[in-house]
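Chemist: Take a look at model.csv, CSV, C-alpha atoms:
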```
chain,number,residue,atom,x,y,z
G,1,MET,CA,44.1,1.3,-293.4
G,2,THR,CA,45.7,-1.9,-292.2
G,3,ASP,CA,48.1,-1.9,-295.2
G,4,GLU,CA,49.6,1.5,-294.4
G,5,LEU,CA,53.2,1.6,-293.4
G,6,THR,CA,54.0,2.6,-289.8
G,7,ILE,CA,57.6,3.7,-288.9
G,8,TRP,CA,58.3,3.4,-285.2
G,9,THR,CA,60.8,5.7,-283.6
G,10,TYR,CA,61.5,7.4,-280.2
G,11,ASP,CA,59.2,10.1,-278.9
G,12,TRP,CA,62.3,12.3,-278.2
G,13,VAL,CA,66.0,12.2,-278.3
G,14,PRO,CA,68.7,14.6,-277.2
G,15,GLU,CA,70.1,17.2,-279.6
G,16,GLY,CA,73.2,15.2,-280.6
G,17,PRO,CA,71.5,12.3,-282.5
G,18,ARG,CA,68.8,14.4,-284.1
G,19,GLY,CA,69.0,14.1,-287.9
G,20,PHE,CA,70.7,10.8,-287.5
G,21,VAL,CA,68.2,8.5,-285.8
G,22,ARG,CA,67.7,5.6,-288.2
G,23,ASP,CA,64.0,6.1,-288.7
G,24,LEU,CA,65.3,8.6,-291.2
G,25,ARG,CA,66.4,5.8,-293.5
G,26,LEU,CA,62.9,4.4,-293.6
G,27,ARG,CA,61.3,7.8,-294.0
G,28,TRP,CA,63.7,8.5,-296.9
G,29,ALA,CA,63.0,5.2,-298.6
G,30,ALA,CA,59.3,5.6,-298.3
G,31,GLU,CA,59.6,9.1,-299.8
G,32,GLU,CA,61.7,7.9,-302.6
G,33,ALA,CA,59.2,5.1,-303.4
G,34,GLY,CA,56.1,7.3,-302.9
G,35,LEU,CA,54.8,4.9,-300.3
G,36,ALA,CA,52.3,6.4,-297.7
G,37,TYR,CA,53.5,6.0,-294.1
G,38,GLY,CA,52.7,7.1,-290.6
G,39,VAL,CA,55.2,7.6,-287.8
G,40,ARG,CA,54.5,6.3,-284.2
G,41,THR,CA,56.6,6.5,-281.1
G,42,ILE,CA,57.9,4.5,-278.1
G,43,PRO,CA,59.4,6.3,-275.1
G,44,PHE,CA,63.1,7.1,-275.3
G,45,GLU,CA,63.2,6.9,-271.5
G,46,GLY,CA,63.5,3.3,-270.5
G,47,ARG,CA,64.3,2.3,-274.1
G,48,GLU,CA,66.7,-0.4,-272.8
G,49,THR,CA,63.8,-2.5,-271.7
G,50,ASN,CA,60.5,-0.9,-272.6
G,51,HIS,CA,60.1,-2.4,-276.1
G,52,LEU,CA,62.2,-5.5,-276.1
G,53,ASP,CA,59.2,-7.5,-277.3
G,54,ARG,CA,59.2,-5.3,-280.5
G,55,GLN,CA,63.0,-4.8,-280.9
G,56,PRO,CA,65.2,-7.2,-278.9
G,57,PHE,CA,68.1,-4.7,-278.7
G,58,GLY,CA,66.0,-1.8,-277.5
G,59,GLN,CA,66.7,0.2,-280.6
G,60,VAL,CA,64.6,2.0,-283.3
G,61,PRO,CA,63.4,2.0,-285.9
G,62,PHE,CA,61.0,-0.8,-286.5
G,63,LEU,CA,58.4,-1.1,-289.2
G,64,ALA,CA,54.8,-2.3,-289.5
G,65,ASP,CA,53.5,-3.1,-293.0
G,66,GLY,CA,50.0,-4.4,-292.4
G,67,ASP,CA,50.5,-7.5,-290.3
G,68,ILE,CA,54.2,-7.8,-291.1
G,69,ASN,CA,56.5,-6.4,-288.5
G,70,LEU,CA,60.2,-6.1,-288.7
G,71,PHE,CA,63.2,-4.4,-287.0
G,72,GLU,CA,66.8,-3.6,-288.2
G,73,SER,CA,66.9,-0.6,-290.5
G,74,GLY,CA,68.8,-2.6,-293.1
G,75,ALA,CA,66.1,-5.3,-293.1
G,76,CYS,CA,63.3,-2.7,-293.3
G,77,LEU,CA,65.0,-1.0,-296.2
G,78,LEU,CA,65.3,-4.4,-298.1
G,79,HIS,CA,61.6,-5.0,-297.3
G,80,LEU,CA,60.6,-1.6,-298.7
G,81,ALA,CA,62.8,-2.2,-301.7
G,82,GLY,CA,60.8,-5.3,-302.5
G,83,LYS,CA,57.8,-3.0,-302.8
G,84,SER,CA,59.2,-0.5,-305.3
G,85,GLU,CA,61.5,-0.6,-308.3
G,86,ARG,CA,62.5,3.0,-307.5
G,87,LEU,CA,64.5,1.5,-304.6
G,88,MET,CA,65.8,-1.7,-306.2
G,89,PRO,CA,65.6,-2.8,-309.9
G,90,HIS,CA,63.7,-6.0,-310.6
G,91,ALA,CA,66.2,-7.4,-313.1
G,92,ALA,CA,68.1,-10.2,-311.3
G,93,SER,CA,71.6,-9.0,-312.0
G,94,ALA,CA,70.8,-5.4,-311.0
G,95,ALA,CA,69.0,-6.5,-307.9
G,96,ALA,CA,72.0,-8.6,-306.9
G,97,ASP,CA,74.3,-5.6,-307.5
G,98,THR,CA,72.0,-3.5,-305.2
G,99,LEU,CA,71.9,-6.2,-302.6
G,100,GLN,CA,75.6,-6.6,-302.4
G,101,TRP,CA,76.1,-2.8,-301.8
G,102,VAL,CA,73.4,-2.7,-299.2
G,103,ILE,CA,75.2,-5.4,-297.3
G,104,ALA,CA,78.6,-3.7,-297.9
G,105,ALA,CA,77.3,-0.5,-296.3
G,106,LEU,CA,76.1,-2.5,-293.2
G,107,ASN,CA,78.9,-5.0,-292.9
G,108,SER,CA,82.1,-3.7,-294.6
G,109,ILE,CA,81.7,0.1,-293.9
G,110,GLU,CA,79.4,0.7,-291.0
G,111,MET,CA,80.8,-2.4,-289.1
G,112,VAL,CA,84.1,-0.5,-288.9
G,113,THR,CA,83.0,3.2,-288.8
G,114,VAL,CA,80.4,2.9,-286.1
G,115,PRO,CA,82.7,1.1,-283.5
G,116,TRP,CA,85.5,3.5,-284.4
G,117,TRP,CA,83.2,6.5,-283.9
G,118,PHE,CA,81.9,5.0,-280.6
G,119,LEU,CA,85.5,4.7,-279.3
G,120,GLU,CA,86.3,8.2,-280.6
G,121,ILE,CA,83.3,9.9,-278.8
G,122,THR,CA,84.0,8.0,-275.6
G,123,GLY,CA,87.5,9.5,-275.4
G,124,GLN,CA,89.8,7.2,-277.4
G,125,GLN,CA,90.8,9.6,-280.1
G,126,ASP,CA,93.5,7.5,-281.7
G,127,ASN,CA,91.9,4.1,-281.2
G,128,GLY,CA,93.0,0.8,-282.7
G,129,LEU,CA,90.3,0.9,-285.4
G,130,ALA,CA,91.5,4.0,-287.2
G,131,GLY,CA,93.7,2.2,-289.7
G,132,TRP,CA,90.9,-0.2,-290.6
G,133,VAL,CA,88.5,2.8,-291.1
G,134,ASP,CA,91.1,4.5,-293.3
G,135,MET,CA,91.6,1.4,-295.4
G,136,ARG,CA,87.9,0.8,-296.0
G,137,LEU,CA,87.3,4.5,-296.9
G,138,ALA,CA,90.2,4.4,-299.3
G,139,GLN,CA,88.8,1.2,-300.9
G,140,LEU,CA,85.3,2.8,-301.1
G,141,GLU,CA,86.8,6.0,-302.6
G,142,SER,CA,88.3,3.9,-305.4
G,143,ALA,CA,85.0,2.2,-306.0
G,144,LEU,CA,83.2,5.5,-306.2
G,145,ALA,CA,85.7,7.2,-308.5
G,146,GLY,CA,84.2,7.5,-312.0
G,147,ARG,CA,80.7,6.6,-311.1
G,148,ASP,CA,77.7,8.4,-309.7
G,149,TRP,CA,75.9,5.5,-308.1
G,150,LEU,CA,77.0,2.3,-306.4
G,151,ALA,CA,74.7,-0.2,-308.2
G,152,ALA,CA,72.9,-0.7,-311.5
G,153,ASP,CA,74.0,2.7,-312.9
G,154,ARG,CA,71.2,4.5,-311.1
G,155,PHE,CA,70.1,5.6,-307.6
G,156,THR,CA,69.1,2.6,-305.5
G,157,VAL,CA,68.5,1.8,-301.8
G,158,ALA,CA,72.2,1.0,-301.6
G,159,ASP,CA,73.0,4.7,-302.2
G,160,LEU,CA,70.5,5.7,-299.6
G,161,LEU,CA,72.1,3.5,-297.0
G,162,MET,CA,75.7,4.1,-297.9
G,163,ALA,CA,75.2,7.9,-298.0
G,164,ASP,CA,73.5,7.7,-294.6
G,165,VAL,CA,76.5,5.7,-293.2
G,166,LEU,CA,78.9,8.2,-294.6
G,167,ARG,CA,77.0,11.3,-293.6
G,168,VAL,CA,78.7,11.2,-290.2
G,169,ARG,CA,81.2,14.1,-290.6
G,170,LYS,CA,83.7,12.7,-288.1
G,171,VAL,CA,84.2,9.7,-290.3
G,172,ARG,CA,84.7,11.6,-293.5
G,173,ALA,CA,86.9,14.1,-291.8
G,174,ARG,CA,89.6,11.4,-291.6
G,175,GLY,CA,90.9,12.2,-295.2
G,176,ASN,CA,90.4,14.0,-298.4
G,177,ARG,CA,88.3,11.8,-300.6
G,178,PRO,CA,86.8,13.8,-303.4
G,179,ALA,CA,84.7,11.1,-305.0
G,180,THR,CA,83.2,10.2,-301.6
G,181,GLU,CA,82.5,13.8,-300.9
G,182,ALA,CA,80.8,14.3,-304.2
G,183,TYR,CA,78.8,11.1,-303.8
G,184,VAL,CA,77.5,12.0,-300.3
G,185,ALA,CA,76.6,15.5,-301.6
G,186,ARG,CA,74.8,14.0,-304.6
G,187,VAL,CA,72.8,11.5,-302.7
G,188,THR,CA,71.8,13.8,-299.8
G,189,ASP,CA,70.7,16.5,-302.3
G,190,ARG,CA,67.7,14.4,-303.2
G,191,PRO,CA,64.4,15.9,-302.3
G,192,ALA,CA,63.4,12.7,-300.5
G,193,PHE,CA,66.4,12.9,-298.2
G,194,ARG,CA,65.8,16.6,-297.5
G,195,LYS,CA,62.2,15.9,-296.6
G,196,ALA,CA,63.0,12.9,-294.4
G,197,HIS,CA,65.7,14.9,-292.6
G,198,ALA,CA,63.5,18.0,-292.1
G,199,ASP,CA,60.6,15.8,-290.9
G,200,GLN,CA,62.8,14.0,-288.3
G,201,LEU,CA,64.1,17.3,-287.0
G,202,ALA,CA,60.5,18.7,-286.7
G,203,HIS,CA,59.4,15.5,-285.0
G,204,PHE,CA,61.9,15.7,-282.2
G,205,LYS,CA,61.6,19.5,-281.9
G,206,ALA,CA,57.8,19.2,-281.5
G,207,ALA,CA,58.4,16.7,-278.7
G,208,GLU,CA,60.6,19.3,-277.0
G,209,GLN,CA,57.7,21.8,-277.0
G,210,LYS,CA,55.2,19.5,-275.3
Z,1,MET,CA,76.8,-25.6,-316.9
Z,2,THR,CA,76.5,-21.8,-316.8
Z,3,ASP,CA,73.9,-22.0,-314.2
Z,4,GLU,CA,76.0,-23.8,-311.6
Z,5,LEU,CA,77.0,-21.9,-308.5
Z,6,THR,CA,80.6,-21.0,-308.1
Z,7,ILE,CA,81.9,-19.9,-304.6
Z,8,TRP,CA,85.1,-18.0,-304.8
Z,9,THR,CA,87.6,-18.1,-301.9
Z,10,TYR,CA,91.3,-17.9,-301.3
Z,11,ASP,CA,93.7,-20.6,-302.5
Z,12,TRP,CA,95.3,-20.7,-299.1
Z,13,VAL,CA,95.1,-19.1,-295.7
Z,14,PRO,CA,97.3,-19.5,-292.5
Z,15,GLU,CA,96.2,-21.9,-289.8
Z,16,GLY,CA,94.4,-19.3,-287.7
Z,17,PRO,CA,91.4,-18.5,-289.9
Z,18,ARG,CA,90.9,-22.0,-291.3
Z,19,GLY,CA,87.4,-23.1,-290.5
Z,20,PHE,CA,86.3,-19.5,-290.3
Z,21,VAL,CA,86.8,-18.1,-293.8
Z,22,ARG,CA,83.4,-16.9,-294.9
Z,23,ASP,CA,83.2,-19.1,-297.9
Z,24,LEU,CA,82.0,-21.5,-295.3
Z,25,ARG,CA,78.7,-19.6,-295.0
Z,26,LEU,CA,78.1,-20.1,-298.7
Z,27,ARG,CA,79.1,-23.7,-298.7
Z,28,TRP,CA,76.9,-24.3,-295.7
Z,29,ALA,CA,73.9,-22.6,-297.3
Z,30,ALA,CA,74.3,-24.5,-300.6
Z,31,GLU,CA,74.5,-27.8,-298.7
Z,32,GLU,CA,71.4,-26.9,-296.7
Z,33,ALA,CA,69.5,-26.1,-299.9
Z,34,GLY,CA,70.8,-29.0,-301.9
Z,35,LEU,CA,72.2,-26.6,-304.5
Z,36,ALA,CA,75.1,-27.9,-306.7
Z,37,TYR,CA,78.2,-25.7,-306.5
Z,38,GLY,CA,81.9,-25.5,-307.3
Z,39,VAL,CA,84.7,-23.8,-305.5
Z,40,ARG,CA,87.3,-21.6,-307.3
Z,41,THR,CA,90.1,-19.6,-305.9
Z,42,ILE,CA,92.0,-16.4,-306.1
Z,43,PRO,CA,95.5,-15.9,-304.5
Z,44,PHE,CA,95.7,-15.1,-300.9
Z,45,GLU,CA,99.0,-13.4,-301.6
Z,46,GLY,CA,98.3,-9.9,-302.9
Z,47,ARG,CA,94.7,-10.1,-301.9
Z,48,GLU,CA,94.6,-6.4,-301.0
Z,49,THR,CA,94.8,-5.5,-304.7
Z,50,ASN,CA,94.6,-8.7,-306.9
Z,51,HIS,CA,90.9,-9.0,-307.1
Z,52,LEU,CA,89.5,-5.5,-306.5
Z,53,ASP,CA,87.5,-5.7,-309.7
Z,54,ARG,CA,85.6,-8.7,-308.2
Z,55,GLN,CA,85.5,-7.6,-304.6
Z,56,PRO,CA,86.3,-3.9,-303.9
Z,57,PHE,CA,87.5,-4.6,-300.3
Z,58,GLY,CA,89.9,-7.4,-301.3
Z,59,GLN,CA,87.9,-10.0,-299.4
Z,60,VAL,CA,86.3,-13.3,-300.0
Z,61,PRO,CA,83.9,-14.9,-300.6
Z,62,PHE,CA,82.1,-13.9,-303.8
Z,63,LEU,CA,79.6,-15.9,-305.7
Z,64,ALA,CA,78.8,-16.5,-309.3
Z,65,ASP,CA,75.3,-17.7,-310.2
Z,66,GLY,CA,75.3,-18.0,-314.0
Z,67,ASP,CA,75.8,-14.4,-315.1
Z,68,ILE,CA,75.0,-13.0,-311.7
Z,69,ASN,CA,78.0,-12.0,-309.6
Z,70,LEU,CA,77.9,-10.7,-306.1
Z,71,PHE,CA,80.1,-10.2,-303.1
Z,72,GLU,CA,79.5,-9.8,-299.3
Z,73,SER,CA,78.7,-13.1,-297.6
Z,74,GLY,CA,75.5,-11.6,-296.2
Z,75,ALA,CA,74.3,-10.6,-299.7
Z,76,CYS,CA,75.3,-14.0,-301.1
Z,77,LEU,CA,73.3,-15.8,-298.4
Z,78,LEU,CA,70.2,-13.7,-299.1
Z,79,HIS,CA,70.6,-14.4,-302.8
Z,80,LEU,CA,70.9,-18.1,-302.1
Z,81,ALA,CA,67.9,-17.9,-299.7
Z,82,GLY,CA,65.8,-16.6,-302.7
Z,83,LYS,CA,66.5,-19.9,-304.4
Z,84,SER,CA,65.4,-22.3,-301.7
Z,85,GLU,CA,62.6,-22.3,-299.1
Z,86,ARG,CA,64.9,-24.5,-297.0
Z,87,LEU,CA,66.9,-21.3,-296.2
Z,88,MET,CA,64.0,-18.8,-296.1
Z,89,PRO,CA,60.3,-19.4,-296.0
Z,90,HIS,CA,58.2,-17.9,-298.8
Z,91,ALA,CA,55.4,-16.6,-296.6
Z,92,ALA,CA,55.8,-12.8,-296.3
Z,93,SER,CA,55.7,-12.6,-292.5
Z,94,ALA,CA,58.1,-15.5,-292.0
Z,95,ALA,CA,60.4,-14.1,-294.7
Z,96,ALA,CA,60.5,-10.7,-293.0
Z,97,ASP,CA,61.2,-12.5,-289.7
Z,98,THR,CA,64.1,-14.3,-291.3
Z,99,LEU,CA,65.4,-11.1,-293.0
Z,100,GLN,CA,65.4,-9.1,-289.8
Z,101,TRP,CA,67.5,-11.7,-288.0
Z,102,VAL,CA,69.9,-12.0,-290.9
Z,103,ILE,CA,70.5,-8.2,-290.7
Z,104,ALA,CA,70.7,-8.4,-286.9
Z,105,ALA,CA,73.5,-10.9,-287.1
Z,106,LEU,CA,75.4,-8.6,-289.5
Z,107,ASN,CA,74.6,-5.2,-288.0
Z,108,SER,CA,73.7,-5.6,-284.4
Z,109,ILE,CA,75.9,-8.6,-283.3
Z,110,GLU,CA,78.8,-8.9,-285.7
Z,111,MET,CA,79.2,-5.1,-286.0
Z,112,VAL,CA,80.2,-5.2,-282.3
Z,113,THR,CA,81.9,-8.5,-281.9
Z,114,VAL,CA,84.2,-8.4,-284.9
Z,115,PRO,CA,85.8,-4.9,-284.0
Z,116,TRP,CA,86.0,-6.0,-280.4
Z,117,TRP,CA,87.8,-9.2,-281.4
Z,118,PHE,CA,90.1,-7.3,-283.8
Z,119,LEU,CA,91.2,-5.0,-280.9
Z,120,GLU,CA,91.5,-8.0,-278.6
Z,121,ILE,CA,93.8,-10.0,-280.9
Z,122,THR,CA,95.9,-6.9,-281.7
Z,123,GLY,CA,96.7,-6.5,-278.0
Z,124,GLN,CA,93.9,-4.4,-276.5
Z,125,GLN,CA,92.5,-7.0,-274.1
Z,126,ASP,CA,90.2,-4.8,-272.2
Z,127,ASN,CA,89.1,-2.5,-274.9
Z,128,GLY,CA,86.3,0.1,-275.0
Z,129,LEU,CA,84.0,-2.2,-276.9
Z,130,ALA,CA,83.7,-4.9,-274.2
Z,131,GLY,CA,80.7,-3.4,-272.5
Z,132,TRP,CA,78.8,-3.1,-275.8
Z,133,VAL,CA,79.6,-6.7,-276.7
Z,134,ASP,CA,78.4,-7.9,-273.3
Z,135,MET,CA,75.1,-5.9,-273.6
Z,136,ARG,CA,74.4,-7.3,-277.1
Z,137,LEU,CA,75.2,-10.9,-276.1
Z,138,ALA,CA,72.9,-10.5,-273.0
Z,139,GLN,CA,70.1,-9.2,-275.2
Z,140,LEU,CA,70.6,-12.0,-277.6
Z,141,GLU,CA,70.6,-14.6,-274.7
Z,142,SER,CA,67.2,-13.2,-273.7
Z,143,ALA,CA,65.9,-13.5,-277.3
Z,144,LEU,CA,67.2,-17.1,-277.6
Z,145,ALA,CA,65.9,-18.3,-274.2
Z,146,GLY,CA,62.9,-20.5,-274.8
Z,147,ARG,CA,63.2,-21.0,-278.5
Z,148,ASP,CA,65.2,-23.2,-280.8
Z,149,TRP,CA,65.5,-21.0,-283.8
Z,150,LEU,CA,65.6,-17.2,-284.4
Z,151,ALA,CA,62.9,-16.9,-287.0
Z,152,ALA,CA,59.7,-18.6,-288.2
Z,153,ASP,CA,59.9,-21.4,-285.7
Z,154,ARG,CA,62.3,-23.4,-287.9
Z,155,PHE,CA,65.9,-23.4,-289.1
Z,156,THR,CA,66.6,-20.6,-291.5
Z,157,VAL,CA,69.5,-18.8,-293.1
Z,158,ALA,CA,69.3,-16.4,-290.1
Z,159,ASP,CA,70.4,-19.2,-287.8
Z,160,LEU,CA,73.2,-20.2,-290.2
Z,161,LEU,CA,74.6,-16.7,-290.1
Z,162,MET,CA,74.0,-15.9,-286.4
Z,163,ALA,CA,75.6,-19.3,-285.4
Z,164,ASP,CA,78.6,-18.5,-287.6
Z,165,VAL,CA,79.0,-15.1,-286.0
Z,166,LEU,CA,78.8,-16.7,-282.5
Z,167,ARG,CA,81.1,-19.6,-283.3
Z,168,VAL,CA,84.1,-17.5,-282.4
Z,169,ARG,CA,85.0,-18.9,-279.0
Z,170,LYS,CA,86.6,-15.7,-277.7
Z,171,VAL,CA,83.3,-13.9,-278.1
Z,172,ARG,CA,81.2,-16.4,-276.3
Z,173,ALA,CA,83.9,-16.9,-273.6
Z,174,ARG,CA,82.9,-13.5,-272.2
Z,175,GLY,CA,80.1,-14.9,-270.2
Z,176,ASN,CA,77.9,-17.9,-269.2
Z,177,ARG,CA,75.0,-17.8,-271.6
Z,178,PRO,CA,73.3,-21.2,-271.6
Z,179,ALA,CA,70.7,-20.5,-274.3
Z,180,THR,CA,73.3,-19.1,-276.6
Z,181,GLU,CA,75.6,-22.1,-276.0
Z,182,ALA,CA,72.8,-24.6,-276.7
Z,183,TYR,CA,71.8,-22.6,-279.8
Z,184,VAL,CA,75.3,-22.6,-281.3
Z,185,ALA,CA,75.7,-26.3,-280.5
Z,186,ARG,CA,72.3,-27.0,-282.1
Z,187,VAL,CA,72.9,-25.1,-285.3
Z,188,THR,CA,76.5,-26.3,-285.8
Z,189,ASP,CA,75.5,-29.9,-285.3
Z,190,ARG,CA,73.6,-29.8,-288.6
Z,191,PRO,CA,75.2,-32.2,-291.2
Z,192,ALA,CA,75.4,-29.3,-293.7
Z,193,PHE,CA,77.6,-27.3,-291.3
Z,194,ARG,CA,79.8,-30.2,-290.6
Z,195,LYS,CA,80.3,-31.0,-294.3
Z,196,ALA,CA,81.0,-27.3,-295.2
Z,197,HIS,CA,83.5,-27.0,-292.3
Z,198,ALA,CA,85.3,-30.2,-293.2
Z,199,ASP,CA,85.4,-29.2,-296.8
Z,200,GLN,CA,86.9,-25.9,-296.0
Z,201,LEU,CA,89.6,-27.4,-293.8
Z,202,ALA,CA,90.4,-30.0,-296.5
Z,203,HIS,CA,90.6,-27.2,-299.2
Z,204,PHE,CA,93.2,-25.3,-297.3
Z,205,LYS,CA,95.1,-28.4,-296.2
Z,206,ALA,CA,95.3,-29.6,-299.8
Z,207,ALA,CA,96.8,-26.2,-300.7
Z,208,GLU,CA,99.4,-26.7,-298.1
Z,209,GLN,CA,100.5,-30.0,-299.7
Z,210,LYS,CA,101.0,-28.6,-303.2
```
Any chance you could put this one into structure tokens?

Modeler:
Amino acid sequence: MTDELTIWTYDWVPEGPRGFVRDLRLRWAAEEAGLAYGVRTIPFEGRETNHLDRQPFGQVPFLADGDINLFESGACLLHLAGKSERLMPHAASAAADTLQWVIAALNSIEMVTVPWWFLEITGQQDNGLAGWVDMRLAQLESALAGRDWLAADRFTVADLLMADVLRVRKVRARGNRPATEAYVARVTDRPAFRKAHADQLAHFKAAEQK
Amino acid sequence: MTDELTIWTYDWVPEGPRGFVRDLRLRWAAEEAGLAYGVRTIPFEGRETNHLDRQPFGQVPFLADGDINLFESGACLLHLAGKSERLMPHAASAAADTLQWVIAALNSIEMVTVPWWFLEITGQQDNGLAGWVDMRLAQLESALAGRDWLAADRFTVADLLMADVLRVRKVRARGNRPATEAYVARVTDRPAFRKAHADQLAHFKAAEQK
């Protein structure tokens, strides 16, 4: 079984991040693609230094695909997308469309929302990134108006990633953006998301009971 | 000539960002790969709305490759990398190694350094992202110690992108990190970088003289 996928995550996390740890992105993608996978863990305690040989920033997830190992959830998603047209169409133009929206989720939206959120939860409620967040979310609302999916007129890994970025309620609570709300509801209503989400919650709950 | 690459950038920018506008990443990649390309422009003035049909966040660059169009410099780099082994090795494991470091540059380093820099230049010198920047740069310093290139034991598009992220002096000025300094010097000493950098400066200077 050396070609089975293994998704690595923490053995346990506190209540707050449950349902949001990024192994969920990989579980979700594997479920969408119908790829078999196992889940293995590294300790949450000491995470800053206990797996730097596997993930140089001390984070999860990372992925093993036979003898291929990679970290960064965005990179793992693109790797998985290369294995299944259900995640990314093969046609060159549709693949490029998907790729640009994957990177937009990581580098135009999340690059602004995550630091904003970090400042927010560490006590800077009205921090200097708020205007930038609002601008990006307004631009995204315009892009989403009148279409169901970001790329290639169908669900792709770009929707999986963008919806995961936008799932954070604090971010969306900054304004009334009906196309974005409908989009997040549409994408997270997929059975593969619901299974991945439930499985992550069960994983961390089981750890609690040990 | 429908298969020639066209890199789109602004017609003009103020002095400050010259040498840092991200069309440089695409010029550099095309130079490394020996791919022919042209450069075309959209107006800097009115950029918030004048090309949203081409780039939904009003940014540059975007790339045309025959009838394939894509935005996001990271996506354009990965697209170009698919055209040339000089940017990304073909072997699956080395390609995954390259991909993970491309995404790390965008989503683990730049996601912290750019918002920190934005707050810094807008007057919040000791902002709440400083500790996070320092942690990421220390982790990257450890990763760079003892090796010349991030992935696959050779120059790849991951080095191009990471070095471009780290070129911002304000970011690196936050500490003494000799491996990182040597790395940035090594990568930006490449003829392809020097040509792309000089060409961008010349492009904006020529606009000034019109």

Chemist: Between Z:Pro89, Z:Pro56, Z:Gly66, Z:Pro178, which one has atoms that come closest to chain G, using all atoms listed in the file?

Modeler: Z:Pro56

Chemist: Would you please work out which residue, of G:Glu141, G:Leu160, G:Leu70, G:Leu24, is nearest to Asp189 (chain G) when using only C-alpha atoms?

Modeler: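 Smallest distance to Asp189 (chain G) is found for G:Leu160.
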
Chemist: From the list G:Ile7, G:Leu78, G:Ala36, G:Leu26, which residue is nearest chain Z when using all atoms listed in the file?

Modeler: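 Closest residue, counting all atoms listed in the file: G:Leu78.
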
Chemist: So how many Å separate CA of Gln209 (chain Z) and CA of Glu15 (chain Z), to one decimal?

Modeler: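 One can read the CA of Gln209 (chain Z) to CA of Glu15 (chain Z) distance as 13.5 Å.
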
Chemist: Would you kindly return, as a list in words, each protein, DNA or RNA residue with an atom no farther than 9 Å from any atom of Arg54 (chain G), considering all atoms listed in the file and excluding same-chain residues fewer than 2 positions away?

Modeler: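 In the requested format, the answer is His51, Leu52, Pro56, Gly58, Phe62, Asn69, Leu70 and Phe71 of chain G.
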
Chemist: Any idea which chain G residues end up within 7 Å of chain Z if we count only C-alpha atoms, as a PyMOL selection string please?

Modeler: chain G and resi 56-57+68+70-72+74-75+93+96-97+99-100+103-104+106-107+111-112+115+119+128+136+139+143

Chemist: Only C-alpha atoms, please: the residues just picked out, written as a tab-separated table (two decimals), in the coordinates of the input.

Modeler:
```tsv
chain	number	residue	atom	x	y	z
G	56	PRO	CA	65.20	-7.20	-278.90
G	57	PHE	CA	68.10	-4.70	-278.70
G	68	ILE	CA	54.20	-7.80	-291.10
G	70	LEU	CA	60.20	-6.10	-288.70
G	71	PHE	CA	63.20	-4.40	-287.00
G	72	GLU	CA	66.80	-3.60	-288.20
G	74	GLY	CA	68.80	-2.60	-293.10
G	75	ALA	CA	66.10	-5.30	-293.10
G	93	SER	CA	71.60	-9.00	-312.00
G	96	ALA	CA	72.00	-8.60	-306.90
G	97	ASP	CA	74.30	-5.60	-307.50
G	99	LEU	CA	71.90	-6.20	-302.60
G	100	GLN	CA	75.60	-6.60	-302.40
G	103	ILE	CA	75.20	-5.40	-297.30
G	104	ALA	CA	78.60	-3.70	-297.90
G	106	LEU	CA	76.10	-2.50	-293.20
G	107	ASN	CA	78.90	-5.00	-292.90
G	111	MET	CA	80.80	-2.40	-289.10
G	112	VAL	CA	84.10	-0.50	-288.90
G	115	PRO	CA	82.70	1.10	-283.50
G	119	LEU	CA	85.50	4.70	-279.30
G	128	GLY	CA	93.00	0.80	-282.70
G	136	ARG	CA	87.90	0.80	-296.00
G	139	GLN	CA	88.80	1.20	-300.90
G	143	ALA	CA	85.00	2.20	-306.00
```

Chemist: Kindly provide, as a list of chain:residue names, the polymer residues lying within 7 Å of (72.0, -25.4, -289.4), counting all atoms listed in the file and using the coordinates exactly as they appear in the file.

Modeler: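 Taken together, the residues in range are Z:Phe155, Z:Asp159, Z:Leu160, Z:Val187, Z:Thr188, Z:Arg190, Z:Ala192, Z:Phe193.
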
Chemist: Could you check how far CA of Leu144 (chain Z) sits from CA of Val168 (chain Z), in Å to one decimal?

Modeler: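 One can read the CA of Leu144 (chain Z) to CA of Val168 (chain Z) distance as 17.6 Å.
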
Chemist: Quick one: pull the distance between CA of Val60 (chain G) and CA of Arg147 (chain Z), Å, one decimal.

Modeler: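 Going from CA of Val60 (chain G) over to CA of Arg147 (chain Z) covers 23.5 Å.
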
Chemist: Which residue gives the smallest distance to Arg169 (chain G) among G:Val184, G:Val39, G:Ala81, G:Val13, with all atoms listed in the file counted?

Modeler: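 Smallest separation from Arg169 (chain G) among the options: G:Val184.
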
Chemist: Need the shell around Glu4 (chain Z): protein/DNA/RNA residues with any atom at most 9 Å away, counting all atoms listed in the file. Skip same-chain ones fewer than 2 positions apart. Format as a compact mmCIF listing (two decimals) with C-alpha atoms, in the coordinates of the input?

Modeler:
```txt
# COMPACT_ATOMS: atom_id res chain seq x y z
CA MET Z 1 76.80 -25.60 -316.90
CA THR Z 2 76.50 -21.80 -316.80
CA THR Z 6 80.60 -21.00 -308.10
CA LEU Z 35 72.20 -26.60 -304.50
CA ALA Z 36 75.10 -27.90 -306.70
CA TYR Z 37 78.20 -25.70 -306.50
CA GLY Z 38 81.90 -25.50 -307.30
CA ALA Z 64 78.80 -16.50 -309.30
CA ASP Z 65 75.30 -17.70 -310.20
CA GLY Z 66 75.30 -18.00 -314.00
```
